[in-house]
Number of protein chains: 2
Amino acid sequence: MIDVVKIGGSIIDAEHQLDIVLDSMIALGSSAILVHGGGRLATQMANDLGVEQRMVDGRRITDEQTLRIVTMTYAGWINKSIVAKIQARGVNAIGICGADLDIIRATRRHPQPVDYGFVGDVTSVNTEALRHLLTATAPTIVVIAPLTHDGNGTLLNTNADTIAAECSLALLPDVQLTYLFDHAGVLQDRTDERSVLARLDRTTAQELVDAGTIDSGMLPKLHNAFRAAEGGVSSVRITRYDALQEDIGTWIT
Amino acid sequence: MIDVVKIGGSIIDAEHQLDIVLDSMIALGSSAILVHGGGRLATQMANDLGVEQRMVDGRRITDEQTLRIVTMTYAGWINKSIVAKIQARGVNAIGICGADLDIIRATRRHPQPVDYGFVGDVTSVNTEALRHLLTATAPTIVVIAPLTHDGNGTLLNTNADTIAAECSLALLPDVQLTYLFDHAGVLQDRTDERSVLARLDRTTAQELVDAGTIDSGMLPKLHNAFRAAEGGVSSVRITRYDALQEDIGTWIT
């Protein structure tokens, strides 16, 4: 069984949360994939460099300068810092992005109706290459930064939730997918961490979003989780950063 | 035979030179290692971010902010851009730094007489892991950014010429090492590209430096080249970016 774990930006930004995730991944004792988001660093870098960030519907427009910034921060500092932290725990790790070994290929998103710039939608995952890295040593944690490439020399900024789902689907059948963030799961009342929905299917999720019960910001994550579950990933779960080894959170069915 | 090729910063800064290097590496038709330096980007980033760069004897002091900048630029933007460029030529590539798969471990340089900060001296190369990547697909180009780690979670800035030499020594016996830069080789008269020394040994090099014939800036590169040659690397050569497949340049003996 291979675990694919995705951690959001808020975990990257809180070092003690990241430490807990890394400890629990190592406690799994087997090779695993860790997909990470970006956190505040890219935005902070853009601010420091005076590169204006444009957002449409809460999503970043990735122009050429922004592509460079996210590649530097995600695939450079964050990715390699995580690798060094795992090595310090005596477990082997390799940090990659989707361009490496042609592991995740994407096409640039159509510029209509909104031109998001250098943003990619995943078209293929190279399962063989991914397995080659997972078996480099036993165990090996493959740390993936959310960037892909188009095969023509262009890197593309790609949603980390999507990358986690696509990698899981590529590793079927013995794979489970966990989205870790700073809440106990999908909440019925977002002010109450005890209101975790134990199970969630696509229809119920849409009803709860329509009723205003679920935060619409959860929708992209849920969309990817449903894709993985419907594609055959045996366990798809959304839970808190310290619950990887516990049976709590929201299972996507 | 595995080729280890090191390209300097001036090639990174000149895209047409980089393209020529990548084309000629692919023409080798076999797995190879490409070690790259940093070019002007790190210095430019530091300037843009207002991070003052301190130099001692022409060498950069790597404080914490500078470590972050060089990791972002070397292991992030430059490394992944090169990988995407190789993929666009239909050949597989993977970009790593020394922390990945624990491939290059280093110790932080002693702070006396000069504290260079987060700068590492190589202590070990993981040959098995490096070979695992070189055999990921046939052929695979492993692109290495000049950063290592200390095994305790800290990344270290490390000389790219040294990394190229150490990787060559780790892959003995069937390996050759080529340093590519923007001159035809080690010159007797640095204003005349035709004054290339065809062969150079350590004693002659020191004499030529003492006599002011060889630029003292060549010494660190030569030191690494001599280490590799004396350690058994069958061919160690310093030559121009467009001469990888030609029999020209300076052979280190």
# chains A, B, ... in the order shown; residues from 1 in each chain; ligands from 1
>>> residues_around(residues="region 68-82 of chain A", least_positions_apart="3", cutoff="8 Å", atoms="only C-alpha atoms", output="JSON list (two decimals) with all heavy atoms, in the first residue's frame")
[["chain", "number", "residue", "atom", "x", "y", "z"],
["A", 12, "ILE", "N", 2.65, 24.17, 5.64],
["A", 12, "ILE", "CA", 4.00, 24.63, 5.25],
["A", 12, "ILE", "C", 4.40, 25.84, 6.10],
["A", 12, "ILE", "O", 5.54, 25.98, 6.51],
["A", 12, "ILE", "CB", 4.01, 25.07, 3.76],
["A", 12, "ILE", "CG1", 3.60, 23.93, 2.84],
["A", 12, "ILE", "CG2", 5.35, 25.65, 3.37],
["A", 12, "ILE", "CD1", 4.59, 22.85, 2.68],
["A", 36, "HIS", "N", 3.14, 18.84, -1.77],
["A", 36, "HIS", "CA", 3.00, 20.05, -0.95],
["A", 36, "HIS", "C", 2.51, 21.24, -1.75],
["A", 36, "HIS", "O", 2.80, 21.37, -2.94],
["A", 36, "HIS", "CB", 4.32, 20.39, -0.23],
["A", 36, "HIS", "CG", 5.46, 20.66, -1.16],
["A", 36, "HIS", "ND1", 5.68, 21.89, -1.73],
["A", 36, "HIS", "CD2", 6.46, 19.86, -1.61],
["A", 36, "HIS", "CE1", 6.76, 21.84, -2.49],
["A", 36, "HIS", "NE2", 7.26, 20.62, -2.44],
["A", 37, "GLY", "N", 1.79, 22.10, -1.08],
["A", 37, "GLY", "CA", 1.37, 23.37, -1.65],
["A", 37, "GLY", "C", 2.46, 24.40, -1.44],
["A", 37, "GLY", "O", 3.62, 24.06, -1.17],
["A", 38, "GLY", "N", 2.05, 25.65, -1.54],
["A", 38, "GLY", "CA", 3.05, 26.70, -1.52],
["A", 38, "GLY", "C", 3.14, 27.54, -0.27],
["A", 38, "GLY", "O", 4.20, 28.04, 0.07],
["A", 41, "LEU", "N", 4.87, 31.84, 1.19],
["A", 41, "LEU", "CA", 6.19, 32.29, 0.74],
["A", 41, "LEU", "C", 6.18, 32.91, -0.66],
["A", 41, "LEU", "O", 6.82, 33.93, -0.89],
["A", 41, "LEU", "CB", 7.18, 31.12, 0.81],
["A", 41, "LEU", "CG", 8.64, 31.45, 0.48],
["A", 41, "LEU", "CD1", 9.21, 32.52, 1.40],
["A", 41, "LEU", "CD2", 9.50, 30.19, 0.54],
["A", 42, "ALA", "N", 5.40, 32.29, -1.58],
["A", 42, "ALA", "CA", 5.39, 32.81, -2.96],
["A", 42, "ALA", "C", 4.80, 34.22, -2.99],
["A", 42, "ALA", "O", 5.33, 35.12, -3.65],
["A", 42, "ALA", "CB", 4.60, 31.88, -3.88],
["A", 45, "MET", "N", 7.31, 36.58, -1.48],
["A", 45, "MET", "CA", 8.39, 36.83, -2.43],
["A", 45, "MET", "C", 7.94, 37.80, -3.52],
["A", 45, "MET", "O", 8.68, 38.70, -3.90],
["A", 45, "MET", "CB", 8.79, 35.51, -3.12],
["A", 45, "MET", "CG", 9.72, 34.63, -2.35],
["A", 45, "MET", "SD", 11.40, 35.28, -2.35],
["A", 45, "MET", "CE", 11.67, 35.31, -4.12],
["A", 46, "ALA", "N", 6.73, 37.58, -4.03],
["A", 46, "ALA", "CA", 6.21, 38.46, -5.08],
["A", 46, "ALA", "C", 6.12, 39.89, -4.55],
["A", 46, "ALA", "O", 6.50, 40.84, -5.23],
["A", 46, "ALA", "CB", 4.86, 37.96, -5.56],
["A", 64, "GLU", "N", 4.64, 35.34, -16.40],
["A", 64, "GLU", "CA", 5.98, 34.78, -16.52],
["A", 64, "GLU", "C", 6.80, 35.00, -15.23],
["A", 64, "GLU", "O", 7.48, 34.09, -14.76],
["A", 64, "GLU", "CB", 6.69, 35.41, -17.73],
["A", 64, "GLU", "CG", 7.80, 34.52, -18.24],
["A", 64, "GLU", "CD", 8.34, 34.99, -19.58],
["A", 64, "GLU", "OE1", 7.59, 35.63, -20.34],
["A", 64, "GLU", "OE2", 9.52, 34.72, -19.85],
["A", 65, "GLN", "N", 6.70, 36.20, -14.67],
["A", 65, "GLN", "CA", 7.47, 36.47, -13.46],
["A", 65, "GLN", "C", 6.96, 35.65, -12.28],
["A", 65, "GLN", "O", 7.73, 35.18, -11.45],
["A", 65, "GLN", "CB", 7.37, 37.96, -13.10],
["A", 65, "GLN", "CG", 8.29, 38.84, -13.92],
["A", 65, "GLN", "CD", 8.21, 40.29, -13.45],
["A", 65, "GLN", "OE1", 7.16, 40.92, -13.58],
["A", 65, "GLN", "NE2", 9.28, 40.79, -12.86],
["A", 85, "LYS", "N", 14.76, 17.92, 5.84],
["A", 85, "LYS", "CA", 14.12, 17.60, 7.13],
["A", 85, "LYS", "C", 13.85, 16.09, 7.24],
["A", 85, "LYS", "O", 13.97, 15.51, 8.33],
["A", 85, "LYS", "CB", 12.77, 18.32, 7.24],
["A", 85, "LYS", "CG", 12.85, 19.74, 7.81],
["A", 85, "LYS", "CD", 11.47, 20.38, 7.70],
["A", 85, "LYS", "CE", 11.36, 21.66, 8.52],
["A", 85, "LYS", "NZ", 11.37, 21.42, 9.96],
["A", 86, "ILE", "N", 13.44, 15.48, 6.14],
["A", 86, "ILE", "CA", 13.18, 14.02, 6.17],
["A", 86, "ILE", "C", 14.50, 13.27, 6.33],
["A", 86, "ILE", "O", 14.60, 12.34, 7.14],
["A", 86, "ILE", "CB", 12.42, 13.58, 4.89],
["A", 86, "ILE", "CG1", 11.03, 14.24, 4.86],
["A", 86, "ILE", "CG2", 12.27, 12.05, 4.85],
["A", 86, "ILE", "CD1", 10.28, 14.05, 3.54],
["A", 95, "GLY", "N", 13.15, 15.05, -3.79],
["A", 95, "GLY", "CA", 12.22, 16.12, -4.11],
["A", 95, "GLY", "C", 12.18, 16.35, -5.61],
["A", 95, "GLY", "O", 13.22, 16.49, -6.25],
["A", 96, "ILE", "N", 10.99, 16.36, -6.15],
["A", 96, "ILE", "CA", 10.84, 16.55, -7.60],
["A", 96, "ILE", "C", 9.68, 17.50, -7.88],
["A", 96, "ILE", "O", 8.89, 17.84, -6.99],
["A", 96, "ILE", "CB", 10.54, 15.22, -8.33],
["A", 96, "ILE", "CG1", 9.24, 14.59, -7.81],
["A", 96, "ILE", "CG2", 11.70, 14.26, -8.18],
["A", 96, "ILE", "CD1", 8.66, 13.51, -8.70],
["A", 97, "CYS", "N", 9.56, 17.91, -9.13],
["A", 97, "CYS", "CA", 8.31, 18.50, -9.61],
["A", 97, "CYS", "C", 7.85, 17.63, -10.77],
["A", 97, "CYS", "O", 8.51, 16.65, -11.13],
["A", 97, "CYS", "CB", 8.52, 19.96, -10.03],
["A", 97, "CYS", "SG", 9.33, 20.18, -11.63],
["A", 143, "VAL", "N", 8.85, 13.65, -2.57],
["A", 143, "VAL", "CA", 8.24, 14.94, -2.23],
["A", 143, "VAL", "C", 7.99, 15.70, -3.54],
["A", 143, "VAL", "O", 8.93, 15.96, -4.28],
["A", 143, "VAL", "CB", 9.17, 15.75, -1.31],
["A", 143, "VAL", "CG1", 8.51, 17.05, -0.88],
["A", 143, "VAL", "CG2", 9.59, 14.92, -0.09],
["A", 144, "ILE", "N", 6.72, 16.01, -3.81],
["A", 144, "ILE", "CA", 6.38, 16.60, -5.11],
["A", 144, "ILE", "C", 5.91, 18.05, -4.97],
["A", 144, "ILE", "O", 4.95, 18.34, -4.25],
["A", 144, "ILE", "CB", 5.29, 15.78, -5.83],
["A", 144, "ILE", "CG1", 5.75, 14.30, -5.97],
["A", 144, "ILE", "CG2", 4.98, 16.36, -7.21],
["A", 144, "ILE", "CD1", 4.78, 13.40, -6.74],
["A", 145, "ALA", "N", 6.60, 18.94, -5.68],
["A", 145, "ALA", "CA", 6.20, 20.34, -5.75],
["A", 145, "ALA", "C", 5.17, 20.51, -6.86],
["A", 145, "ALA", "O", 5.26, 19.86, -7.90],
["A", 145, "ALA", "CB", 7.42, 21.22, -6.03],
["A", 146, "PRO", "N", 4.18, 21.38, -6.66],
["A", 146, "PRO", "CA", 3.05, 21.49, -7.59],
["A", 146, "PRO", "C", 3.35, 22.24, -8.88],
["A", 146, "PRO", "O", 2.75, 23.29, -9.16],
["A", 146, "PRO", "CB", 1.99, 22.20, -6.75],
["A", 146, "PRO", "CG", 2.78, 23.06, -5.81],
["A", 146, "PRO", "CD", 4.03, 22.30, -5.51],
["A", 147, "LEU", "N", 4.28, 21.69, -9.65],
["A", 147, "LEU", "CA", 4.58, 22.23, -10.96],
["A", 147, "LEU", "C", 4.63, 21.07, -11.94],
["A", 147, "LEU", "O", 5.08, 19.98, -11.58],
["A", 147, "LEU", "CB", 5.94, 22.95, -10.95],
["A", 147, "LEU", "CG", 5.92, 24.24, -10.15],
["A", 147, "LEU", "CD1", 7.25, 24.50, -9.51],
["A", 147, "LEU", "CD2", 5.54, 25.40, -11.06],
["A", 157, "ASN", "N", 2.29, 25.97, -13.50],
["A", 157, "ASN", "CA", 1.79, 25.97, -12.13],
["A", 157, "ASN", "C", 0.53, 25.10, -12.10],
["A", 157, "ASN", "O", -0.36, 25.27, -12.92],
["A", 157, "ASN", "CB", 1.45, 27.43, -11.77],
["A", 157, "ASN", "CG", 1.21, 27.63, -10.29],
["A", 157, "ASN", "OD1", 1.36, 26.72, -9.49],
["A", 157, "ASN", "ND2", 0.85, 28.87, -9.94],
["B", 68, "ARG", "N", 18.67, 30.73, 1.28],
["B", 68, "ARG", "CA", 17.33, 30.60, 0.73],
["B", 68, "ARG", "C", 17.30, 31.05, -0.73],
["B", 68, "ARG", "O", 16.71, 30.39, -1.58],
["B", 68, "ARG", "CB", 16.35, 31.45, 1.57],
["B", 68, "ARG", "CG", 14.92, 31.27, 1.17],
["B", 68, "ARG", "CD", 13.98, 32.14, 1.99],
["B", 68, "ARG", "NE", 13.67, 31.55, 3.27],
["B", 68, "ARG", "CZ", 12.49, 31.71, 3.90],
["B", 68, "ARG", "NH1", 11.55, 32.45, 3.38],
["B", 68, "ARG", "NH2", 12.28, 31.15, 5.06],
["B", 71, "THR", "N", 19.12, 28.49, -2.96],
["B", 71, "THR", "CA", 18.32, 27.26, -3.10],
["B", 71, "THR", "C", 17.17, 27.50, -4.06],
["B", 71, "THR", "O", 16.87, 26.66, -4.92],
["B", 71, "THR", "CB", 17.79, 26.79, -1.73],
["B", 71, "THR", "OG1", 18.90, 26.65, -0.83],
["B", 71, "THR", "CG2", 17.08, 25.45, -1.83],
["B", 72, "MET", "N", 16.52, 28.65, -3.92],
["B", 72, "MET", "CA", 15.42, 28.97, -4.82],
["B", 72, "MET", "C", 15.89, 29.07, -6.27],
["B", 72, "MET", "O", 15.26, 28.51, -7.18],
["B", 72, "MET", "CB", 14.77, 30.29, -4.41],
["B", 72, "MET", "CG", 13.99, 30.19, -3.11],
["B", 72, "MET", "SD", 12.84, 31.58, -2.88],
["B", 72, "MET", "CE", 13.97, 32.94, -2.90],
["B", 73, "THR", "N", 16.99, 29.78, -6.49],
["B", 73, "THR", "CA", 17.40, 30.03, -7.87],
["B", 73, "THR", "C", 18.08, 28.79, -8.48],
["B", 73, "THR", "O", 17.74, 28.40, -9.60],
["B", 73, "THR", "CB", 18.34, 31.25, -7.98],
["B", 73, "THR", "OG1", 19.40, 31.11, -7.04],
["B", 73, "THR", "CG2", 17.59, 32.52, -7.68],
["B", 74, "TYR", "N", 18.99, 28.17, -7.74],
["B", 74, "TYR", "CA", 19.74, 27.03, -8.31],
["B", 74, "TYR", "C", 18.84, 25.79, -8.41],
["B", 74, "TYR", "O", 18.70, 25.20, -9.48],
["B", 74, "TYR", "CB", 20.95, 26.67, -7.44],
["B", 74, "TYR", "CG", 21.99, 27.75, -7.25],
["B", 74, "TYR", "CD1", 23.01, 27.60, -6.33],
["B", 74, "TYR", "CD2", 21.97, 28.94, -7.99],
["B", 74, "TYR", "CE1", 23.98, 28.57, -6.13],
["B", 74, "TYR", "CE2", 22.93, 29.92, -7.79],
["B", 74, "TYR", "CZ", 23.93, 29.73, -6.86],
["B", 74, "TYR", "OH", 24.88, 30.70, -6.65],
["B", 75, "ALA", "N", 18.26, 25.37, -7.25],
["B", 75, "ALA", "CA", 17.50, 24.11, -7.23],
["B", 75, "ALA", "C", 16.08, 24.30, -7.75],
["B", 75, "ALA", "O", 15.41, 23.34, -8.11],
["B", 75, "ALA", "CB", 17.47, 23.54, -5.81],
["B", 76, "GLY", "N", 15.63, 25.56, -7.77],
["B", 76, "GLY", "CA", 14.28, 25.83, -8.24],
["B", 76, "GLY", "C", 14.27, 26.21, -9.71],
["B", 76, "GLY", "O", 14.19, 25.36, -10.59],
["B", 77, "TRP", "N", 14.44, 27.48, -9.98],
["B", 77, "TRP", "CA", 14.25, 27.96, -11.35],
["B", 77, "TRP", "C", 15.24, 27.38, -12.35],
["B", 77, "TRP", "O", 14.84, 26.84, -13.40],
["B", 77, "TRP", "CB", 14.29, 29.49, -11.38],
["B", 77, "TRP", "CG", 14.04, 30.03, -12.76],
["B", 77, "TRP", "CD1", 14.94, 30.67, -13.55],
["B", 77, "TRP", "CD2", 12.83, 29.92, -13.53],
["B", 77, "TRP", "NE1", 14.36, 30.99, -14.75],
["B", 77, "TRP", "CE2", 13.07, 30.54, -14.76],
["B", 77, "TRP", "CE3", 11.59, 29.38, -13.26],
["B", 77, "TRP", "CZ2", 12.10, 30.62, -15.75],
["B", 77, "TRP", "CZ3", 10.61, 29.45, -14.25],
["B", 77, "TRP", "CH2", 10.88, 30.07, -15.47],
["B", 80, "LYS", "N", 14.98, 23.34, -12.71],
["B", 80, "LYS", "CA", 13.75, 22.85, -13.35],
["B", 80, "LYS", "C", 13.60, 23.36, -14.78],
["B", 80, "LYS", "O", 13.02, 22.67, -15.63],
["B", 80, "LYS", "CB", 12.52, 23.21, -12.51],
["B", 80, "LYS", "CG", 12.52, 22.61, -11.11],
["B", 80, "LYS", "CD", 12.87, 21.12, -11.08],
["B", 80, "LYS", "CE", 13.03, 20.60, -9.66],
["B", 80, "LYS", "NZ", 13.61, 19.23, -9.63],
["B", 97, "CYS", "N", 19.18, 18.14, -6.13],
["B", 97, "CYS", "CA", 20.33, 18.73, -5.46],
["B", 97, "CYS", "C", 20.94, 17.61, -4.61],
["B", 97, "CYS", "O", 20.41, 16.49, -4.58],
["B", 97, "CYS", "CB", 19.95, 19.95, -4.64],
["B", 97, "CYS", "SG", 19.14, 19.57, -3.07],
["B", 99, "ALA", "N", 20.90, 16.99, -1.55],
["B", 99, "ALA", "CA", 20.07, 16.46, -0.46],
["B", 99, "ALA", "C", 19.18, 15.32, -0.95],
["B", 99, "ALA", "O", 18.84, 14.42, -0.17],
["B", 99, "ALA", "CB", 19.21, 17.58, 0.14],
["B", 100, "ASP", "N", 18.81, 15.33, -2.21],
["B", 100, "ASP", "CA", 17.88, 14.34, -2.74],
["B", 100, "ASP", "C", 18.51, 12.96, -2.74],
["B", 100, "ASP", "O", 19.64, 12.78, -3.23],
["B", 100, "ASP", "CB", 17.43, 14.75, -4.15],
["B", 100, "ASP", "CG", 16.61, 16.03, -4.12],
["B", 100, "ASP", "OD1", 15.59, 16.04, -3.42],
["B", 100, "ASP", "OD2", 17.01, 17.01, -4.76],
["B", 153, "GLY", "N", 19.40, 18.25, 8.53],
["B", 153, "GLY", "CA", 18.30, 19.11, 8.11],
["B", 153, "GLY", "C", 18.72, 20.43, 7.51],
["B", 153, "GLY", "O", 17.87, 21.25, 7.16],
["B", 154, "THR", "N", 20.02, 20.65, 7.40],
["B", 154, "THR", "CA", 20.49, 21.94, 6.87],
["B", 154, "THR", "C", 21.06, 21.77, 5.46],
["B", 154, "THR", "O", 21.90, 20.90, 5.23],
["B", 154, "THR", "CB", 21.57, 22.54, 7.80],
["B", 154, "THR", "OG1", 21.01, 22.72, 9.09],
["B", 154, "THR", "CG2", 22.07, 23.87, 7.28],
["B", 155, "LEU", "N", 20.56, 22.60, 4.55],
["B", 155, "LEU", "CA", 21.11, 22.65, 3.20],
["B", 155, "LEU", "C", 22.39, 23.48, 3.21],
["B", 155, "LEU", "O", 22.53, 24.39, 4.03],
["B", 155, "LEU", "CB", 20.08, 23.29, 2.26],
["B", 155, "LEU", "CG", 18.77, 22.51, 2.07],
["B", 155, "LEU", "CD1", 17.70, 23.39, 1.44],
["B", 155, "LEU", "CD2", 19.00, 21.25, 1.25]]
>>> select_by_dssp(residues="region 126-221 of chain B", states="helix (DSSP H, G or I)", output="PyMOL selection string")
chain B and resi 127-134+160-170+202-210+216-221
>>> atom_distance(atom1="CA of Val4 (chain A)", atom2="CA of Leu171 (chain A)")
9.4 Å
>>> residues_around(residues="Gln176 (chain B)", least_positions_apart="2", cutoff="8 Å", atoms="only C-alpha atoms", output="JSON, numbers by chain")
{"B": [1, 2, 3, 4, 168, 174, 178, 233, 234, 235, 236]}
>>> closest_residue(among="B:Thr107, B:Gln87, B:Gln188, B:Thr203", to="Asp23 (chain B)", atoms="only C-alpha atoms")
B:Gln87
>>> closest_residue(among="B:Leu172, B:Leu34, B:Val51, B:Ala129", to="chain A", atoms="only C-alpha atoms")
B:Ala129
>>> atom_distance(atom1="CA of Ile252 (chain B)", atom2="CA of Leu200 (chain B)")
5.1 Å
>>> residues_around(residues="Phe118 (chain A)", least_positions_apart="4", cutoff="7 Å", atoms="only C-alpha atoms", output="MDAnalysis selection string")
chainID A and resid 62:63 67 108 156:157
>>> closest_residue(among="A:Gly117, A:Gly50, A:Pro220, A:Gly231", to="chain B", atoms="only C-alpha atoms")
A:Gly50
>>> atom_distance(atom1="CA of Phe181 (chain A)", atom2="CA of Ile94 (chain B)")
29.3 Å
>>> closest_residue(among="B:Glu207, B:Asp150, B:Glu246, B:Glu193", to="chain A", atoms="only C-alpha atoms")
B:Asp150
>>> residues_around(residues="Leu28 (chain B)", least_positions_apart="2", cutoff="10 Å", atoms="only C-alpha atoms", output="list in words")
Ile2, Asp3, Asp23, Ser24, Met25, Ile26, Ser30, Ser31, Ala32, Pro139, Leu244 and Gln245 of chain B
>>> write_last_selection(atoms="C-alpha atoms", output="mmCIF file, in the first residue's frame")
data_model
loop_
_atom_site.group_PDB
_atom_site.id
_atom_site.type_symbol
_atom_site.label_atom_id
_atom_site.label_comp_id
_atom_site.auth_asym_id
_atom_site.auth_seq_id
_atom_site.Cartn_x
_atom_site.Cartn_y
_atom_site.Cartn_z
ATOM 1 C CA ILE B 2 29.129 7.992 -18.064
ATOM 2 C CA ASP B 3 29.804 11.611 -18.914
ATOM 3 C CA ASP B 23 21.942 19.361 -27.725
ATOM 4 C CA SER B 24 25.447 17.939 -27.501
ATOM 5 C CA MET B 25 24.679 16.057 -24.253
ATOM 6 C CA ILE B 26 21.646 14.477 -25.866
ATOM 7 C CA SER B 30 23.584 7.711 -23.116
ATOM 8 C CA SER B 31 22.775 8.615 -19.524
ATOM 9 C CA ALA B 32 24.845 11.492 -18.210
ATOM 10 C CA PRO B 139 18.959 7.476 -21.378
ATOM 11 C CA LEU B 244 31.787 18.462 -25.812
ATOM 12 C CA GLN B 245 31.915 16.151 -28.809
#
>>> closest_residue(among="A:Ala88, A:Ala165, A:Val119, A:Leu133", to="chain B", atoms="only C-alpha atoms")
A:Ala88
>>> closest_residue(among="A:Arg105, A:His132, A:Asp13, A:Arg60", to="chain B", atoms="only C-alpha atoms")
A:His132
>>> select_by_dssp(residues="region 91-187 of chain A", states="strand (DSSP E)", output="PyMOL selection string")
chain A and resi 92-97+104-108+120-125+140-145+147-149+155-157+175-181
>>> decode(residues="region 152-201 of chain B", atoms="C-alpha atoms", output="CSV table (one decimal), in the first residue's frame")
chain,number,residue,atom,x,y,z
B,152,ASN,CA,20.8,17.2,10.1
B,153,GLY,CA,18.3,19.1,8.1
B,154,THR,CA,20.5,21.9,6.9
B,155,LEU,CA,21.1,22.7,3.2
B,156,LEU,CA,24.6,23.9,2.3
B,157,ASN,CA,25.8,25.9,-0.7
B,158,THR,CA,28.6,23.9,-2.4
B,159,ASN,CA,31.0,24.6,-5.2
B,160,ALA,CA,29.7,23.1,-8.5
B,161,ASP,CA,33.2,22.2,-9.8
B,162,THR,CA,33.7,20.2,-6.6
B,163,ILE,CA,30.3,18.4,-7.0
B,164,ALA,CA,31.2,17.5,-10.6
B,165,ALA,CA,34.6,16.1,-9.5
B,166,GLU,CA,33.1,14.1,-6.5
B,167,CYS,CA,30.3,12.6,-8.6
B,168,SER,CA,32.9,11.5,-11.2
B,169,LEU,CA,35.1,9.9,-8.6
B,170,ALA,CA,32.0,8.1,-7.2
B,171,LEU,CA,31.2,6.6,-10.6
B,172,LEU,CA,34.6,5.1,-11.3
B,173,PRO,CA,35.9,3.4,-13.4
B,174,ASP,CA,33.8,4.2,-16.5
B,175,VAL,CA,33.5,7.9,-16.3
B,176,GLN,CA,34.8,11.0,-17.9
B,177,LEU,CA,34.6,14.6,-16.7
B,178,THR,CA,34.3,17.8,-18.8
B,179,TYR,CA,34.2,21.3,-17.5
B,180,LEU,CA,32.5,23.6,-20.1
B,181,PHE,CA,32.9,27.3,-20.0
B,182,ASP,CA,33.2,30.2,-22.5
B,183,HIS,CA,36.9,29.7,-23.4
B,184,ALA,CA,38.6,27.1,-25.6
B,185,GLY,CA,40.5,25.7,-22.6
B,186,VAL,CA,43.2,26.8,-20.2
B,187,LEU,CA,44.9,29.6,-22.1
B,188,GLN,CA,48.6,30.6,-22.0
B,189,ASP,CA,47.6,34.0,-23.1
B,190,ARG,CA,44.1,34.9,-21.9
B,191,THR,CA,43.6,37.3,-24.8
B,192,ASP,CA,44.3,34.6,-27.4
B,193,GLU,CA,41.8,31.7,-27.7
B,194,ARG,CA,44.3,29.8,-29.8
B,195,SER,CA,46.8,29.6,-27.0
B,196,VAL,CA,45.2,26.6,-25.4
B,197,LEU,CA,47.3,24.3,-23.3
B,198,ALA,CA,46.6,20.8,-24.7
B,199,ARG,CA,47.7,19.1,-21.5
B,200,LEU,CA,48.3,20.4,-18.0
B,201,ASP,CA,49.5,18.8,-14.8
